[in-house]
Structure formats: structure tokens, C-alpha cells
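Engineer: Quick one: the structure is below, questions incoming.
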Amino acid sequence: MKVKIQTLHFNADKNLESFIHERMDKLITRHQNIVLAEVTLRLDKAQTNENKIAEIKLEVPGNNLFAKKQSKTFEEAADTAVEALQRQLKKYKDKRSSK
């Protein structure tokens with residue numbers, strides 16, 4: 001399983017990258033059928049506090065799952081995006097097991 005991290009309009013430090021890898025590893029251990037994870041972190045041009053955006057795309061056999069969350073910090077945005085993907089993966093798994 002491969003995790004790609006891309007940043008737009010800023011450079012991520014090692015702490016942020018390791019945080020993202022930890023969250024993705026936790027997601028992958030629960031759902032082994034994930035083929036690829038693409039994480040895009042970007043700064044919104046708005047001058048509000050909640051200008052950090054995390055977009056996560058997961059490739060699973062027969063489907064792609066996507067979550068985009070915006071928050072005050074990249075860590076919080078990534079956490080909420082991972083939570084959304086966990087719900088999507090549960091639905092995906094339930095759907096596949098009912099076939």
C-alpha cells in the first residue's frame with residue numbers, strides 16, 4: 001500500500017508528514033484492501049482561521065473513496081477526513097459482503 005502526500009502553497013515539515021503517515025497506517029491496518037492513498041494538503045487563500053484543507057483519495061478494488069475537510073490545522077482536517085473515510089470504508093465493506 002502506497003501513501004502519496006502532496007502539499008500546495010506551502011512546504012510540510014517532518015512532524016506533519018509523520019502525523020499523516022500515522023493516520024493513514026491506522027486506516028490501512030483496519031482495511032487491508034486499500035491499494036493507494038493520495039493525501040493533498042493545501043492552504044486556502046481565504047484569510048479566515050479555517051484555511052487548511054486536507055483531501056484524501058483512497059483507491060480500493062472496484063471503487064475510489066474521497067474526503068475533503070477544512071479546519072484550523074492540517075492535523076484536525078486530516079483527522080476529520082480519515083473519520084469520514086472510515087465511515088465510507090465501512091459502507092463499502094458492508095456492501096461487498098452483502099453480495
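By convention here, the chains of the C-alpha cells are called A, B, ... in the order presented, each chain's residues are numbered starting at 1, and ligands are numbered starting at 1 in the order presented.
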Enumerate the residues of region 9-94 of chain A with a DSSP assignment of helix (DSSP H, G or I), computed from the backbone, and present them as a PyMOL selection string.

Structural biologist: chain A and resi 14-30+74-94

Engineer: Would you list the contacts of Glu50 (chain A) as a PyMOL selection string, taking every protein, DNA or RNA residue within 10 Å and counting only C-alpha atoms, but skipping same-chain residues closer than 5 positions in sequence?

Structural biologist: chain A and resi 43-44+70-74+77

Engineer: Which is closest to Lys95 (chain A) among A:Ala67, A:Ala12, A:Gly62, A:Val3, if we use only C-alpha atoms?

Structural biologist: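 Ranking A:Ala67, A:Ala12, A:Gly62, A:Val3 by distance to Lys95 (chain A), first place goes to A:Gly62.
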
Engineer: Pick out the closest residue to Arg42 (chain A) from this set: A:Arg30, A:Lys14, A:Lys68, A:His9. Count only C-alpha atoms.

Structural biologist: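 Of the candidates, the smallest distance to Arg42 (chain A) is held by A:His9.
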
Engineer: Just to confirm, what's the straight-line distance from CA of Gln88 (chain A) to CA of Val60 (chain A) in Å (one decimal)?

Structural biologist: 11.2 Å

Engineer: With DSSP run on the backbone, what are the strand (DSSP E) residues within region 41-99 of chain A? I'd like them as a list in words.

Structural biologist: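 After running DSSP on the backbone, region 41-99 of chain A has strand (DSSP E) at Leu41, Arg42, Leu43, Lys52, Ile53, Ala54, Glu55, Ile56, Lys57, Leu58, Glu59, Val60, Asn63, Asn64, Leu65, Phe66, Ala67, Lys68, Lys69, Gln70 and Ser71 of chain A.
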
Engineer: What lies within 6 Å of Glu38 (chain A) using only C-alpha atoms, ignoring chain neighbours under 2 positions off, as an MDAnalysis selection string?

Structural biologist: chainID A and resid 3:4 56:57

Engineer: Could you state the separation of CA of Glu75 (chain A) and CA of Lys93 (chain A) in Å, given to one decimal place?

Structural biologist: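 Calculated distance between CA of Glu75 (chain A) and CA of Lys93 (chain A) is 26.3 Å.
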
Engineer: Quick one: distance from CA of Thr7 (chain A) to CA of Ile20 (chain A) in Å, one decimal?

Structural biologist: 11.9 Å

Engineer: Which neighbours of Phe66 (chain A) fall inside 12 Å, counting only C-alpha atoms, when residues of the same chain fewer than 2 positions from it are skipped, and could you give them as JSON, numbers by chain?

Structural biologist: {"A": [36, 37, 38, 39, 40, 54, 55, 56, 57, 58, 59, 60, 63, 64, 68, 69, 81, 82, 83, 84, 85, 86, 87, 88, 89]}

Engineer: How would the residues just picked look written out with C-alpha atoms as an mmCIF file, in the first residue's frame?

Structural biologist:
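File selection.cif, as written:
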```
data_model
loop_
_atom_site.group_PDB
_atom_site.id
_atom_site.type_symbol
_atom_site.label_atom_id
_atom_site.label_comp_id
_atom_site.auth_asym_id
_atom_site.auth_seq_id
_atom_site.Cartn_x
_atom_site.Cartn_y
_atom_site.Cartn_z
ATOM 1 C CA LEU A 36 -3.385 3.572 -2.825
ATOM 2 C CA ALA A 37 -3.870 6.644 -0.647
ATOM 3 C CA GLU A 38 -3.305 10.134 -2.041
ATOM 4 C CA VAL A 39 -3.264 12.960 0.501
ATOM 5 C CA THR A 40 -3.316 16.571 -0.660
ATOM 6 C CA ALA A 54 -6.953 18.050 3.661
ATOM 7 C CA GLU A 55 -8.145 15.962 0.725
ATOM 8 C CA ILE A 56 -7.726 12.193 0.852
ATOM 9 C CA LYS A 57 -8.431 9.833 -2.030
ATOM 10 C CA LEU A 58 -8.392 6.091 -1.437
ATOM 11 C CA GLU A 59 -8.296 3.509 -4.188
ATOM 12 C CA VAL A 60 -9.969 0.237 -3.266
ATOM 13 C CA ASN A 63 -14.103 1.944 -6.260
ATOM 14 C CA ASN A 64 -12.476 5.235 -5.263
ATOM 15 C CA LYS A 68 -12.225 16.721 1.797
ATOM 16 C CA LYS A 69 -12.201 18.594 5.094
ATOM 17 C CA ALA A 81 -11.165 13.364 6.683
ATOM 18 C CA VAL A 82 -9.908 9.995 7.983
ATOM 19 C CA GLU A 83 -13.056 9.645 10.138
ATOM 20 C CA ALA A 84 -15.218 10.300 7.068
ATOM 21 C CA LEU A 85 -13.249 7.712 5.098
ATOM 22 C CA GLN A 86 -13.661 5.153 7.876
ATOM 23 C CA ARG A 87 -17.437 5.527 7.567
ATOM 24 C CA GLN A 88 -17.196 5.212 3.768
ATOM 25 C CA LEU A 89 -14.992 2.114 4.078
#
```
